Every structure is written in C-alpha cells, then in structure tokens.
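Trainee: This is the structure I want to talk about, given as structure tokens.
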Amino acid sequence: MDLRLALYELAAQHQLDAAAHQKLQQLAGLNREPSRLGYWLPRGVAVLAAALGGFGVILWIAANWDTLGRFGRFALLQGLFAVMCFGALLKPVARVPLGLLALLAIGGLFAYFGQTYQTGADPWQLFALWAVLALPLTLSVRSDVLWTPWALIVVTGISLWVHAHTSHRWRVEPQDLGVYAAGWSAALALTLALSPALKRWSGAGPWAMRTAVTLTLIMITGTALGGLFQNEVAALYWLGLTLLVLAGAGLASKQLFEIYGLSAVSLGLNTLLIFGLGRALFHDSRGDNWLGAMLLLGLVAAALLAGTVSVLLRLSRRYATPGAAA
C-alpha cells in the first residue's frame, strides 16, 4: 500500500485542513531525508566513479592502441596502480574507491601482459596471480567493495583451472572426480575465509561471502546435475550432495550463520534432491504410472520446501534474539 495515498485518504476522511495535513505528512516523515543517506550516497558515488574510471582507462588504452607504444601502455597501467595505492595510503577517506581502482588496474595490467607476450599460460594462472597480488590490497582496505570483486576473481580462476584440467572441455566424466573435488573444496574454503568467523582478520562483510556462496553453489549444483544425468549416476552427484549438506550444516551453526548463504545452499540441496528423485522415478520408466510418479514428486518437493522454510525461520529467530539459544 502506498503511504502517501493512505495519508490522503486519511486526511479526506477526517476533513483535515492544510495545516493539519502538513503536520500529518511531517509525522509520517514523507519530506524527511532517508536515514543515513548522507553517509551512503557519497560513498556509493565514489565507488561507482572508481569502477567507471577503471573501465574507462582500459577502454582508453584500447582506443589508443596504435598510438601508445608497448612501454607507454605498461607505464600507464603501472603508474595508475602506483598512484592509486599511494593515494589510498595518504587519503583514508578515499581509500575504498582508490583501492578498487588499483584492483582493476592489476587486472588490466595482467590482461595486457598476456596479450603482449603470449606466454602460453592458461587463463586461470593469470587470474590466480591477480588474486594473489591483490590480496595484500584487499586485506589493507578491509572493505566489501574490494572483497566482492576479489571473490569473483578467485572463483573465476578456480572454474578456469577445472576447465584446463578436464581437457579444456566442460565435461562431466567419472575420471574428473578428483579435479572437481579439488575445485569445489577451494571454492568452499574461499567461502569460509570470507565468513563472519574470520571477519576479525579479513574485514570482509556480508556481500563478499554472499558472492562466494552464490558462485560456489552454481558451480557445484550445475556440475552435480550433469553427473546425475549420465547413463550411470556419476560420483560427482553424490559428492556435490555431500558437500552441500556439509556446507548447510556449517552455515546453520551459530559461528557461521548467514541467512542468505544458508537459503542459497538449501535451494541447491533441494534442487539436487528433487532432480535425484525425479531420475529415480522416471529413469527406465515405460510410463505405466507417470501420474502417480508426478504426484509423488510434487508432494516431496512441497514437503522439502516447507521443511526448509521452517528450519530457516527457526534458526533466524534463534540467532536474531540474544540469549535465545541458551
């Protein structure tokens, strides 16, 4: 319901005059500045400006590719990185947007290096080097503005590493179990590193962890579903199911509880379970009792959804109220 329309109806119902109507609007806070707008607006604009500025530098180099020599391109990217780091050191107020610009400059520098020298390195190696070199920067700035893209860089590197070690094809074969297990474990370790349990050392906030959880969930669930629909259910399906159960149990604990992360993992877990039941019901089925199978599948899906929501609400209330768990 629109608050302003409700106030107009209330004023008309009680036949308020102009002064009383103005007083009613003041009490409702319609003309009041949103809370903390003065705090978040300049910071949001600064971060957006930093992101657009870094993107603009990359486009400017591309537009002047023939004009700038090799030395000029390297000098520009390295100089941008050094100036941003120096500015972040001297200006604590602008540390976050300048740190973001420095992070983007590292990526642009490695992208140009890879294009210029054609080292033959796999793309995942450049992303891994980008993440390693940017880690001291993110640790010093201690902001989600840097940790969130850093998490994206790391997960992209992990995905490319898996791709490189599965014959450069997104295949789902039993012999690739070890590769996927290593990649998924690394992604889950990243999520743990960005969790509230280690915030004291990392300074990462909720959005960095949520980014890592979302990307890791997509990685695990998508590949596990691919393993499910092999002629014989691949071990990757059972591995993905096990890892999501363990991740859900960890996020349900008091130390690691995060409602978005737990909800996302629950969604992935429910998806794998329902698809697994569907395969068990319809695989090699001749359609003799497809209506009963569909009804059973729908009832189980509804029960899983209801149970998941109930557990999430119970945990949210328990950890939201101080001392409730005790």
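Labels for the structure tokens follow display order: chains A, B, ..., residues from 1 in each chain, ligands from 1.
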Mind running range 166-205 of chain A against range 236-239 of chain A at 9 Å and telling me each contacting residue's nearest atom pair with the distance in Å (one decimal), counting only C-alpha atoms, chain and number ascending, as a tab-separated table?
Mentor:
residue	atom	partner	partner_atom	distance
A:Val172	CA	A:Leu236	CA	8.0
A:Glu173	CA	A:Leu236	CA	8.4
A:Pro174	CA	A:Leu236	CA	7.4
A:Asp176	CA	A:Leu236	CA	8.6
A:Leu177	CA	A:Leu236	CA	6.2
A:Tyr180	CA	A:Leu236	CA	7.8
A:Ala181	CA	A:Leu239	CA	7.7
Trainee: Please run DSSP on the backbone and report, as an MDAnalysis selection string, all residues within range 50-217 of chain A that come out as helix (DSSP H, G or I).
Mentor: chainID A and resid 50:63 70:90 92:117 123:141 144:164 174:193 196:202 206:217
Trainee: Considering only C-alpha atoms, state which residue in the set A:Pro42, A:Ile106, A:Gly261, A:Val96 is at the smallest distance from Gly79 in chain A.
Mentor: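 Going through A:Pro42, A:Ile106, A:Gly261, A:Val96 one by one, the smallest distance to Gly79 in chain A is for A:Ile106.
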Trainee: I'd like the contact shell of range 309-320 of chain A - 8 Å cut-off, only C-alpha atoms, skipping same-chain residues fewer than 5 positions apart - returned as a compact mmCIF listing (two decimals) with C-alpha atoms, in the first residue's frame.
Mentor:
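Saved as around_19.txt:
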# COMPACT_ATOMS: atom_id res chain seq x y z
CA ALA A 252 23.47 -23.39 10.30
CA LYS A 254 26.00 -20.08 15.40
CA PHE A 257 25.16 -18.46 10.43
CA ILE A 259 20.59 -16.38 6.32
CA LEU A 262 22.03 -20.89 4.18
CA SER A 263 18.99 -20.16 1.99
CA ALA A 325 19.82 -20.22 22.07
Trainee: Identify which of the residues A:Ala234, A:Ile218, A:Leu126, A:Leu137 lies closest to Ala82 in chain A, counting only C-alpha atoms when measuring atom-to-atom distances.
Mentor: A:Leu137
Trainee: I'd like the contact shell of Leu194 in chain A - 7 Å cut-off, only C-alpha atoms, skipping same-chain residues fewer than 6 positions apart - returned as a count of residues only.
Mentor: 3
Trainee: May I have the residues within 10 Å of range 144-155 of chain A as a PDB file with N, CA and C atoms, in the first residue's frame, using only C-alpha atoms and disregarding those fewer than 5 positions away in the same chain?
Mentor:
ATOM      1  N   GLY A  44      28.750   5.633  -2.193  1.00  0.00           N
ATOM      2  CA  GLY A  44      28.286   4.896  -3.363  1.00  0.00           C
ATOM      3  C   GLY A  44      28.705   5.559  -4.667  1.00  0.00           C
ATOM      4  N   VAL A  47      32.466   4.913  -5.201  1.00  0.00           N
ATOM      5  CA  VAL A  47      32.746   3.552  -5.681  1.00  0.00           C
ATOM      6  C   VAL A  47      32.346   3.407  -7.138  1.00  0.00           C
ATOM      7  N   VAL A  96      38.737   3.401  -0.088  1.00  0.00           N
ATOM      8  CA  VAL A  96      37.958   2.323  -0.723  1.00  0.00           C
ATOM      9  C   VAL A  96      37.871   2.505  -2.241  1.00  0.00           C
ATOM     10  N   PRO A  97      37.406   3.652  -2.764  1.00  0.00           N
ATOM     11  CA  PRO A  97      37.346   3.770  -4.232  1.00  0.00           C
ATOM     12  C   PRO A  97      38.717   3.722  -4.893  1.00  0.00           C
ATOM     13  N   GLY A  99      41.306   2.075  -3.770  1.00  0.00           N
ATOM     14  CA  GLY A  99      41.708   0.666  -3.729  1.00  0.00           C
ATOM     15  C   GLY A  99      41.031  -0.151  -4.817  1.00  0.00           C
ATOM     16  N   LEU A 100      39.757   0.140  -5.087  1.00  0.00           N
ATOM     17  CA  LEU A 100      39.060  -0.552  -6.176  1.00  0.00           C
ATOM     18  C   LEU A 100      39.702  -0.252  -7.520  1.00  0.00           C
ATOM     19  N   LEU A 101      40.087   1.005  -7.734  1.00  0.00           N
ATOM     20  CA  LEU A 101      40.773   1.362  -8.977  1.00  0.00           C
ATOM     21  C   LEU A 101      42.104   0.614  -9.104  1.00  0.00           C
ATOM     22  N   ALA A 102      42.830   0.498  -7.996  1.00  0.00           N
ATOM     23  CA  ALA A 102      44.092  -0.236  -8.017  1.00  0.00           C
ATOM     24  C   ALA A 102      43.856  -1.708  -8.337  1.00  0.00           C
ATOM     25  N   LEU A 103      42.799  -2.290  -7.781  1.00  0.00           N
ATOM     26  CA  LEU A 103      42.471  -3.692  -8.074  1.00  0.00           C
ATOM     27  C   LEU A 103      42.178  -3.888  -9.554  1.00  0.00           C
ATOM     28  N   LEU A 104      41.419  -2.969 -10.138  1.00  0.00           N
ATOM     29  CA  LEU A 104      41.115  -3.065 -11.570  1.00  0.00           C
ATOM     30  C   LEU A 104      42.368  -2.847 -12.410  1.00  0.00           C
ATOM     31  N   GLY A 107      44.267  -6.073 -12.816  1.00  0.00           N
ATOM     32  CA  GLY A 107      43.664  -6.927 -13.844  1.00  0.00           C
ATOM     33  C   GLY A 107      43.978  -6.451 -15.243  1.00  0.00           C
ATOM     34  N   TRP A 124      43.681 -19.378 -16.212  1.00  0.00           N
ATOM     35  CA  TRP A 124      43.496 -19.484 -14.767  1.00  0.00           C
ATOM     36  C   TRP A 124      44.741 -19.018 -14.017  1.00  0.00           C
ATOM     37  N   PHE A 127      44.496 -15.264 -13.554  1.00  0.00           N
ATOM     38  CA  PHE A 127      43.528 -14.942 -12.507  1.00  0.00           C
ATOM     39  C   PHE A 127      44.085 -15.290 -11.133  1.00  0.00           C
ATOM     40  N   ALA A 128      44.812 -16.391 -11.044  1.00  0.00           N
ATOM     41  CA  ALA A 128      45.403 -16.760  -9.758  1.00  0.00           C
ATOM     42  C   ALA A 128      46.447 -15.739  -9.332  1.00  0.00           C
ATOM     43  N   LEU A 129      47.276 -15.301 -10.278  1.00  0.00           N
ATOM     44  CA  LEU A 129      48.279 -14.298  -9.952  1.00  0.00           C
ATOM     45  C   LEU A 129      47.632 -12.961  -9.595  1.00  0.00           C
ATOM     46  N   TRP A 130      46.568 -12.618 -10.301  1.00  0.00           N
ATOM     47  CA  TRP A 130      45.817 -11.395  -9.985  1.00  0.00           C
ATOM     48  C   TRP A 130      45.282 -11.457  -8.551  1.00  0.00           C
ATOM     49  N   ALA A 131      44.704 -12.592  -8.177  1.00  0.00           N
ATOM     50  CA  ALA A 131      44.147 -12.736  -6.827  1.00  0.00           C
ATOM     51  C   ALA A 131      45.228 -12.673  -5.755  1.00  0.00           C
ATOM     52  N   VAL A 132      46.359 -13.314  -6.018  1.00  0.00           N
ATOM     53  CA  VAL A 132      47.438 -13.335  -5.024  1.00  0.00           C
ATOM     54  C   VAL A 132      48.019 -11.935  -4.824  1.00  0.00           C
ATOM     55  N   ALA A 134      46.587  -9.090  -5.444  1.00  0.00           N
ATOM     56  CA  ALA A 134      45.593  -8.154  -4.918  1.00  0.00           C
ATOM     57  C   ALA A 134      45.229  -8.454  -3.467  1.00  0.00           C
ATOM     58  N   LEU A 135      45.637  -9.601  -2.949  1.00  0.00           N
ATOM     59  CA  LEU A 135      45.268  -9.967  -1.581  1.00  0.00           C
ATOM     60  C   LEU A 135      45.796  -8.978  -0.539  1.00  0.00           C
ATOM     61  N   LEU A 137      46.285  -5.877  -0.886  1.00  0.00           N
ATOM     62  CA  LEU A 137      45.484  -4.659  -1.050  1.00  0.00           C
ATOM     63  C   LEU A 137      44.124  -4.814  -0.377  1.00  0.00           C
ATOM     64  N   THR A 138      43.460  -5.936  -0.603  1.00  0.00           N
ATOM     65  CA  THR A 138      42.143  -6.145  -0.001  1.00  0.00           C
ATOM     66  C   THR A 138      42.235  -6.282   1.518  1.00  0.00           C
ATOM     67  N   LEU A 139      43.289  -6.908   1.997  1.00  0.00           N
ATOM     68  CA  LEU A 139      43.466  -7.039   3.439  1.00  0.00           C
ATOM     69  C   LEU A 139      43.709  -5.694   4.101  1.00  0.00           C
ATOM     70  N   LEU A 160      38.258 -21.781 -14.241  1.00  0.00           N
ATOM     71  CA  LEU A 160      39.170 -21.947 -15.376  1.00  0.00           C
ATOM     72  C   LEU A 160      40.189 -23.051 -15.112  1.00  0.00           C
ATOM     73  N   TRP A 161      40.597 -23.215 -13.848  1.00  0.00           N
ATOM     74  CA  TRP A 161      41.519 -24.306 -13.507  1.00  0.00           C
ATOM     75  C   TRP A 161      40.847 -25.660 -13.745  1.00  0.00           C
ATOM     76  N   GLY A 183      38.541 -28.420  -6.964  1.00  0.00           N
ATOM     77  CA  GLY A 183      37.984 -27.105  -7.278  1.00  0.00           C
ATOM     78  C   GLY A 183      36.872 -26.708  -6.326  1.00  0.00           C
ATOM     79  N   TRP A 184      35.952 -27.633  -6.065  1.00  0.00           N
ATOM     80  CA  TRP A 184      34.860 -27.326  -5.145  1.00  0.00           C
ATOM     81  C   TRP A 184      35.367 -27.068  -3.731  1.00  0.00           C
ATOM     82  N   ALA A 186      38.247 -25.829  -2.908  1.00  0.00           N
ATOM     83  CA  ALA A 186      38.856 -24.497  -2.899  1.00  0.00           C
ATOM     84  C   ALA A 186      37.784 -23.413  -2.835  1.00  0.00           C
ATOM     85  N   ALA A 187      36.687 -23.587  -3.555  1.00  0.00           N
ATOM     86  CA  ALA A 187      35.614 -22.594  -3.526  1.00  0.00           C
ATOM     87  C   ALA A 187      34.949 -22.537  -2.151  1.00  0.00           C
ATOM     88  N   LEU A 188      34.757 -23.694  -1.524  1.00  0.00           N
ATOM     89  CA  LEU A 188      34.184 -23.709  -0.177  1.00  0.00           C
ATOM     90  C   LEU A 188      35.148 -23.091   0.838  1.00  0.00           C
ATOM     91  N   LEU A 190      37.205 -20.688   0.179  1.00  0.00           N
ATOM     92  CA  LEU A 190      37.067 -19.245  -0.027  1.00  0.00           C
ATOM     93  C   LEU A 190      35.859 -18.707   0.731  1.00  0.00           C
ATOM     94  N   THR A 191      34.736 -19.428   0.661  1.00  0.00           N
ATOM     95  CA  THR A 191      33.537 -19.000   1.387  1.00  0.00           C
ATOM     96  C   THR A 191      33.791 -18.938   2.881  1.00  0.00           C
ATOM     97  N   LEU A 194      35.821 -15.878   3.871  1.00  0.00           N
ATOM     98  CA  LEU A 194      35.083 -14.621   3.838  1.00  0.00           C
ATOM     99  C   LEU A 194      33.899 -14.604   4.791  1.00  0.00           C
ATOM    100  N   SER A 202      40.000 -10.623   8.253  1.00  0.00           N
ATOM    101  CA  SER A 202      39.831 -10.226   6.849  1.00  0.00           C
ATOM    102  C   SER A 202      39.154  -8.873   6.689  1.00  0.00           C
ATOM    103  N   GLY A 203      38.193  -8.570   7.562  1.00  0.00           N
ATOM    104  CA  GLY A 203      37.415  -7.352   7.395  1.00  0.00           C
ATOM    105  C   GLY A 203      36.333  -7.478   6.337  1.00  0.00           C
ATOM    106  N   ALA A 204      36.119  -8.687   5.813  1.00  0.00           N
ATOM    107  CA  ALA A 204      35.109  -8.891   4.769  1.00  0.00           C
ATOM    108  C   ALA A 204      33.711  -8.799   5.363  1.00  0.00           C
ATOM    109  N   GLY A 205      32.803  -8.207   4.609  1.00  0.00           N
ATOM    110  CA  GLY A 205      31.424  -8.068   5.033  1.00  0.00           C
ATOM    111  C   GLY A 205      30.525  -9.120   4.403  1.00  0.00           C
ATOM    112  N   PRO A 206      29.209  -8.941   4.516  1.00  0.00           N
ATOM    113  CA  PRO A 206      28.280  -9.980   4.041  1.00  0.00           C
ATOM    114  C   PRO A 206      28.263 -10.161   2.531  1.00  0.00           C
ATOM    115  N   TRP A 207      28.480  -9.078   1.764  1.00  0.00           N
ATOM    116  CA  TRP A 207      28.333  -9.214   0.319  1.00  0.00           C
ATOM    117  C   TRP A 207      29.449 -10.025  -0.319  1.00  0.00           C
ATOM    118  N   ALA A 208      30.631  -9.970   0.251  1.00  0.00           N
ATOM    119  CA  ALA A 208      31.714 -10.794  -0.277  1.00  0.00           C
ATOM    120  C   ALA A 208      31.393 -12.279  -0.072  1.00  0.00           C
ATOM    121  N   MET A 209      30.927 -12.623   1.124  1.00  0.00           N
ATOM    122  CA  MET A 209      30.582 -14.017   1.386  1.00  0.00           C
ATOM    123  C   MET A 209      29.400 -14.458   0.520  1.00  0.00           C
ATOM    124  N   ARG A 210      28.426 -13.588   0.362  1.00  0.00           N
ATOM    125  CA  ARG A 210      27.262 -13.957  -0.452  1.00  0.00           C
ATOM    126  C   ARG A 210      27.657 -14.175  -1.909  1.00  0.00           C
ATOM    127  N   THR A 211      28.571 -13.363  -2.399  1.00  0.00           N
ATOM    128  CA  THR A 211      29.067 -13.573  -3.761  1.00  0.00           C
ATOM    129  C   THR A 211      29.757 -14.928  -3.892  1.00  0.00           C
ATOM    130  N   ALA A 212      30.617 -15.247  -2.922  1.00  0.00           N
ATOM    131  CA  ALA A 212      31.322 -16.526  -2.952  1.00  0.00           C
ATOM    132  C   ALA A 212      30.353 -17.688  -2.839  1.00  0.00           C
ATOM    133  N   VAL A 213      29.354 -17.574  -1.962  1.00  0.00           N
ATOM    134  CA  VAL A 213      28.368 -18.646  -1.794  1.00  0.00           C
ATOM    135  C   VAL A 213      27.583 -18.856  -3.081  1.00  0.00           C
ATOM    136  N   LEU A 215      28.332 -18.082  -6.275  1.00  0.00           N
ATOM    137  CA  LEU A 215      29.139 -18.633  -7.362  1.00  0.00           C
ATOM    138  C   LEU A 215      29.527 -20.083  -7.087  1.00  0.00           C
ATOM    139  N   THR A 216      29.843 -20.393  -5.829  1.00  0.00           N
ATOM    140  CA  THR A 216      30.185 -21.773  -5.482  1.00  0.00           C
ATOM    141  C   THR A 216      28.984 -22.689  -5.643  1.00  0.00           C
ATOM    142  N   MET A 219      28.441 -23.435  -9.262  1.00  0.00           N
ATOM    143  CA  MET A 219      29.473 -24.356  -9.727  1.00  0.00           C
ATOM    144  C   MET A 219      29.164 -25.803  -9.324  1.00  0.00           C
TER     145      MET A 219
END
Trainee: Suppose you want the space between CA of Gly157 in chain A and CA of Val57 in chain A; what is it in Å?
Mentor: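 These two atoms are separated by 23.4 Å.
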